[in-house]
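Q: To start, I am sharing the structure in question, which I have written as structure tokens.
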Amino acid sequence: MRFFHSWRNVPEEYRNAVVAIGNFDGYHKGHRRIVEEAVRIAEETNRPAVLMTFEPHPNAFFRPGVRSAFRLTPVRTKVRAISRLPLDAFFVFAFNAAFANMSARDFVQNVLIDGLHASRIVVGEDYGFGKNREGNIEYLRKNFPELPVTAVTKLRDEHDEIISSSRIRSFVRDGRVDIAAHLMGRPFEIEGRVIHGFKRGRTIGFPTINIDPKDSVTPKNGVYAATVEVDGKCYDAVANVGTRPTVGGEGVLLEAHLIGFSGDLYGRRLRVRLVRFIRPEARFSSLEELKRHIAADMQEALRILKQ
């Protein structure tokens, strides 16, 4: 699969494609339905299937105060999840001031028609685009009938509720990562580079990796059953998201103890998959009491992960 960051000078083999468009934050089951529909149409019409998304998430551009903590999936995670489908190309366009101020007409004409030479686009039924979201599906069909559009209806869960990124974010923030995973179709994970901490975990027999969760929506502070993959091997883990009140920590940090692992992971980029919430973060009266609770948390994590 080829990656592009511009709609200009697109190679001939990726023109006349069926284009799936969206932010795809969380890349949940509803998003996957959009991409799968684009792939299906492309296969039926013998055309390339490509995906268009934006970086950063428009919400982060318009509300810089929320930074990336709004996001369910940083771009690396999104690419990894989407690339499992047979797409021919992945277009990631910078969402900057120029893009935000582009009119709906200019977006369709300059990007989709003159740039990508799209043969059809596939979007969610509430798709909006252009400055102030002035464009929508009706706008496309009225003003650009030569560019067919397929609108995919929202997917609902077994409770007849719409599967949406906002619902998933709410579940993650409430610590209900197992429900978030069900709606996404894969575990919620936090990805980042392992940084140095105060190394207190090793002094009580539970060395941890430390990751700043700044690139993801922050889950509820507390302890989670988790897994971490290192060099192709998956380790059961117990993770803590929070400020580490017992040892006077500052700022939210993700710590994870990999059960059965021994080695140096500093500087490595790892993904910690949070499987289920165990308990809220708590302040303990001593390191000995903290140690006892970590041991109990580890046993509970192992019980959960064996289910």
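Residues are referred to by chain and number: the chain letter is A, B, ... according to the order shown in the structure tokens, the number counts from 1 in that chain, and ligands are numbered separately from 1 in the order shown.
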Taking the backbone alone, and naming residues the way the document does, which bits of range 49-257 of chain A are strand (DSSP E) by DSSP, as a PyMOL selection string?

A: chain A and resi 49-55+89-94+120-124+128-129+135-136+149-152+188-193+209-211+222-230+233-242+253-257

Q: List the spatial neighbours of range 101-107 of chain A as a ChimeraX atom specification - criterion: any atom at most 6 Å away, only C-alpha atoms, same-chain residues fewer than 4 positions off excluded.

A: /A:111,130-131,135

Q: Any chance you could list, as a ChimeraX atom specification, the residues in range 40-214 of chain A that come up alpha helix (DSSP H) when DSSP is run on the backbone?

A: /A:40-45,58-62,75-82,97-100,104-106,137-143,165-173,177-184,200-203

Q: Between CA of Val79 in chain A and CA of Ile41 in chain A, measure the distance and give it in Å to one decimal.

A: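 Separating CA of Val79 in chain A from CA of Ile41 in chain A is a distance of 21.1 Å.
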
Q: Which is closer to Ile168 in chain A than all the others in A:Tyr27, A:Phe93, A:Phe144, A:Trp7, using only C-alpha atoms?

A: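 Counting only C-alpha atoms, the residue closest to Ile168 in chain A is A:Tyr27.
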
Q: Might you pull out every residue within 12 Å of Glu43 in chain A, with only C-alpha atoms counted and same-chain residues fewer than 6 positions away left off, and present them as a PyMOL selection string?

A: chain A and resi 17-18+36-37+49-50+86-88

Q: Using only C-alpha atoms, which residue out of A:Arg271, A:Ala225, A:Ile211, A:His117 lies closest to Gln299 in chain A?

A: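 For Gln299 in chain A, the nearest of the candidates is A:Ala225.
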
Q: Which residue, A:Val228, A:Leu51, A:Leu254, A:Val241, has the smallest gap to Asn210 in chain A when you use only C-alpha atoms?

A: A:Leu254

Q: Do a neighbour search on range 275-289 of chain A at 9 Å with only C-alpha atoms, toss out local chain neighbours closer than 5 positions, and write the hits as a PyMOL selection string.

A: chain A and resi 175-179+181+187-189+204+220-227+240-247+294+297+300-301+304-305

Q: Since we have the selection now, will you write its residues out, keeping C-alpha atoms, as a PDB file, in the first residue's frame?

A:
ATOM      1  CA  GLY A 175     -12.633   3.088  32.559  1.00  0.00           C
ATOM      2  CA  ARG A 176     -14.960   0.786  30.612  1.00  0.00           C
ATOM      3  CA  VAL A 177     -12.259  -0.194  28.147  1.00  0.00           C
ATOM      4  CA  ASP A 178     -13.809  -3.624  27.615  1.00  0.00           C
ATOM      5  CA  ILE A 179     -16.975  -2.033  26.188  1.00  0.00           C
ATOM      6  CA  ALA A 181     -12.994  -2.632  22.705  1.00  0.00           C
ATOM      7  CA  PRO A 187      -8.603  -3.666  22.276  1.00  0.00           C
ATOM      8  CA  PHE A 188      -8.133  -0.051  23.275  1.00  0.00           C
ATOM      9  CA  GLU A 189      -4.416   0.618  23.405  1.00  0.00           C
ATOM     10  CA  ILE A 204       9.488  -3.381  45.553  1.00  0.00           C
ATOM     11  CA  LYS A 220     -10.000   6.736  34.008  1.00  0.00           C
ATOM     12  CA  ASN A 221      -7.245   6.706  36.600  1.00  0.00           C
ATOM     13  CA  GLY A 222      -6.840   3.240  38.028  1.00  0.00           C
ATOM     14  CA  VAL A 223      -5.463  -0.252  37.626  1.00  0.00           C
ATOM     15  CA  TYR A 224      -6.136  -2.381  34.544  1.00  0.00           C
ATOM     16  CA  ALA A 225      -5.535  -5.893  33.299  1.00  0.00           C
ATOM     17  CA  ALA A 226      -3.436  -5.387  30.184  1.00  0.00           C
ATOM     18  CA  THR A 227      -1.203  -6.997  27.589  1.00  0.00           C
ATOM     19  CA  ASN A 240      -1.782   1.754  36.285  1.00  0.00           C
ATOM     20  CA  VAL A 241      -3.005   4.998  34.776  1.00  0.00           C
ATOM     21  CA  GLY A 242      -2.699   7.951  37.116  1.00  0.00           C
ATOM     22  CA  THR A 243      -0.540  10.197  39.239  1.00  0.00           C
ATOM     23  CA  ARG A 244       0.918   7.553  41.604  1.00  0.00           C
ATOM     24  CA  PRO A 245      -0.235   9.237  44.839  1.00  0.00           C
ATOM     25  CA  THR A 246       1.519   6.811  47.181  1.00  0.00           C
ATOM     26  CA  VAL A 247       4.942   7.882  45.873  1.00  0.00           C
ATOM     27  CA  ILE A 294       0.090  -4.726  43.371  1.00  0.00           C
ATOM     28  CA  ASP A 297      -3.821  -6.709  41.256  1.00  0.00           C
ATOM     29  CA  GLU A 300      -6.675 -10.411  39.379  1.00  0.00           C
ATOM     30  CA  ALA A 301      -5.202  -9.354  36.026  1.00  0.00           C
ATOM     31  CA  ILE A 304      -9.189 -11.712  33.827  1.00  0.00           C
ATOM     32  CA  LEU A 305      -6.754 -12.377  30.995  1.00  0.00           C
TER      33      LEU A 305
END

Q: Closest to His28 in chain A among A:Ser216, A:Asn96, A:Ser165, A:Ser170, using only C-alpha atoms?

A: A:Ser165

Q: Out of A:Asp212, A:Asp157, A:Asp174, A:Asp126, which residue has the shortest atom-to-atom distance to Gly192 in chain A when counting only C-alpha atoms?

A: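 Checking each of A:Asp212, A:Asp157, A:Asp174, A:Asp126 against Gly192 in chain A, counting only C-alpha atoms, the winner is A:Asp212.
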
Q: Could you tell me which of A:Val217, A:Val19, A:Ala239, A:Ala97 comes closest to Arg47 in chain A if we count only C-alpha atoms?

A: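 Of the candidates, the smallest distance to Arg47 in chain A is held by A:Val19.
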
Q: Please provide as JSON, numbers by chain all residues within 12 Å of Tyr139 in chain A, with the sequence filter that same-chain residues fewer than 6 positions apart are discarded (counting only C-alpha atoms).

A: {"A": [104, 105, 108, 127, 128, 129, 130, 133, 145, 147, 148, 149]}

Q: Output N, CA and C atoms of each residue in that selection to a file, as an mmCIF file, in the first residue's frame.

A:
data_model
loop_
_atom_site.group_PDB
_atom_site.id
_atom_site.type_symbol
_atom_site.label_atom_id
_atom_site.label_comp_id
_atom_site.auth_asym_id
_atom_site.auth_seq_id
_atom_site.Cartn_x
_atom_site.Cartn_y
_atom_site.Cartn_z
ATOM 1 N N ALA A 104 -16.288 24.096 0.359
ATOM 2 C CA ALA A 104 -16.751 22.770 -0.038
ATOM 3 C C ALA A 104 -16.539 22.562 -1.534
ATOM 4 N N ARG A 105 -16.839 23.585 -2.333
ATOM 5 C CA ARG A 105 -16.669 23.466 -3.788
ATOM 6 C C ARG A 105 -15.206 23.234 -4.146
ATOM 7 N N VAL A 108 -14.044 19.613 -3.304
ATOM 8 C CA VAL A 108 -14.493 18.599 -4.272
ATOM 9 C C VAL A 108 -13.763 18.765 -5.599
ATOM 10 N N TYR A 127 -21.698 12.800 6.747
ATOM 11 C CA TYR A 127 -20.456 13.406 6.292
ATOM 12 C C TYR A 127 -20.628 14.894 5.993
ATOM 13 N N GLY A 128 -19.740 15.720 6.573
ATOM 14 C CA GLY A 128 -19.717 17.146 6.297
ATOM 15 C C GLY A 128 -18.307 17.570 5.956
ATOM 16 N N PHE A 129 -18.155 18.569 5.093
ATOM 17 C CA PHE A 129 -16.818 18.955 4.647
ATOM 18 C C PHE A 129 -16.827 20.414 4.203
ATOM 19 N N GLY A 130 -15.622 20.942 4.013
ATOM 20 C CA GLY A 130 -15.489 22.322 3.585
ATOM 21 C C GLY A 130 -15.557 23.281 4.759
ATOM 22 N N ARG A 133 -18.129 23.309 7.495
ATOM 23 C CA ARG A 133 -18.886 22.102 7.125
ATOM 24 C C ARG A 133 -20.087 22.461 6.245
ATOM 25 N N PRO A 145 -22.947 15.946 -9.765
ATOM 26 C CA PRO A 145 -23.576 14.665 -10.109
ATOM 27 C C PRO A 145 -22.629 13.721 -10.838
ATOM 28 N N LEU A 147 -19.776 12.946 -9.841
ATOM 29 C CA LEU A 147 -18.996 12.227 -8.832
ATOM 30 C C LEU A 147 -19.963 11.461 -7.930
ATOM 31 N N PRO A 148 -20.221 10.194 -8.215
ATOM 32 C CA PRO A 148 -21.166 9.429 -7.403
ATOM 33 C C PRO A 148 -20.689 9.313 -5.949
ATOM 34 N N VAL A 149 -21.639 9.313 -5.034
ATOM 35 C CA VAL A 149 -21.320 9.183 -3.622
ATOM 36 C C VAL A 149 -22.184 8.092 -3.004
#

Q: When you look at Asp25 in chain A with a cut-off of 8 Å (counting only C-alpha atoms), what residues show up, excluding the ones that are within fewer than 5 positions of it in the same chain? I need them as a JSON list (two decimals) with N, CA and C atoms, in the first residue's frame.

A:
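Result saved to around.json:
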[["chain", "number", "residue", "atom", "x", "y", "z"],
["A", 57, "HIS", "N", -6.33, 15.48, 13.86],
["A", 57, "HIS", "CA", -7.78, 15.42, 13.87],
["A", 57, "HIS", "C", -8.30, 16.85, 13.85],
["A", 71, "ARG", "N", -7.98, 12.09, 21.19],
["A", 71, "ARG", "CA", -7.93, 11.05, 20.17],
["A", 71, "ARG", "C", -7.97, 9.64, 20.74],
["A", 72, "LEU", "N", -8.73, 8.79, 20.05],
["A", 72, "LEU", "CA", -8.73, 7.37, 20.38],
["A", 72, "LEU", "C", -7.57, 6.66, 19.71],
["A", 73, "THR", "N", -7.23, 7.10, 18.51],
["A", 73, "THR", "CA", -6.17, 6.43, 17.77],
["A", 73, "THR", "C", -5.22, 7.43, 17.14],
["A", 78, "LYS", "N", -4.02, 4.10, 13.74],
["A", 78, "LYS", "CA", -5.06, 4.11, 12.71],
["A", 78, "LYS", "C", -4.56, 3.43, 11.43],
["A", 165, "SER", "N", -17.46, 7.35, 17.69],
["A", 165, "SER", "CA", -16.21, 7.64, 18.38],
["A", 165, "SER", "C", -16.47, 8.35, 19.71]]
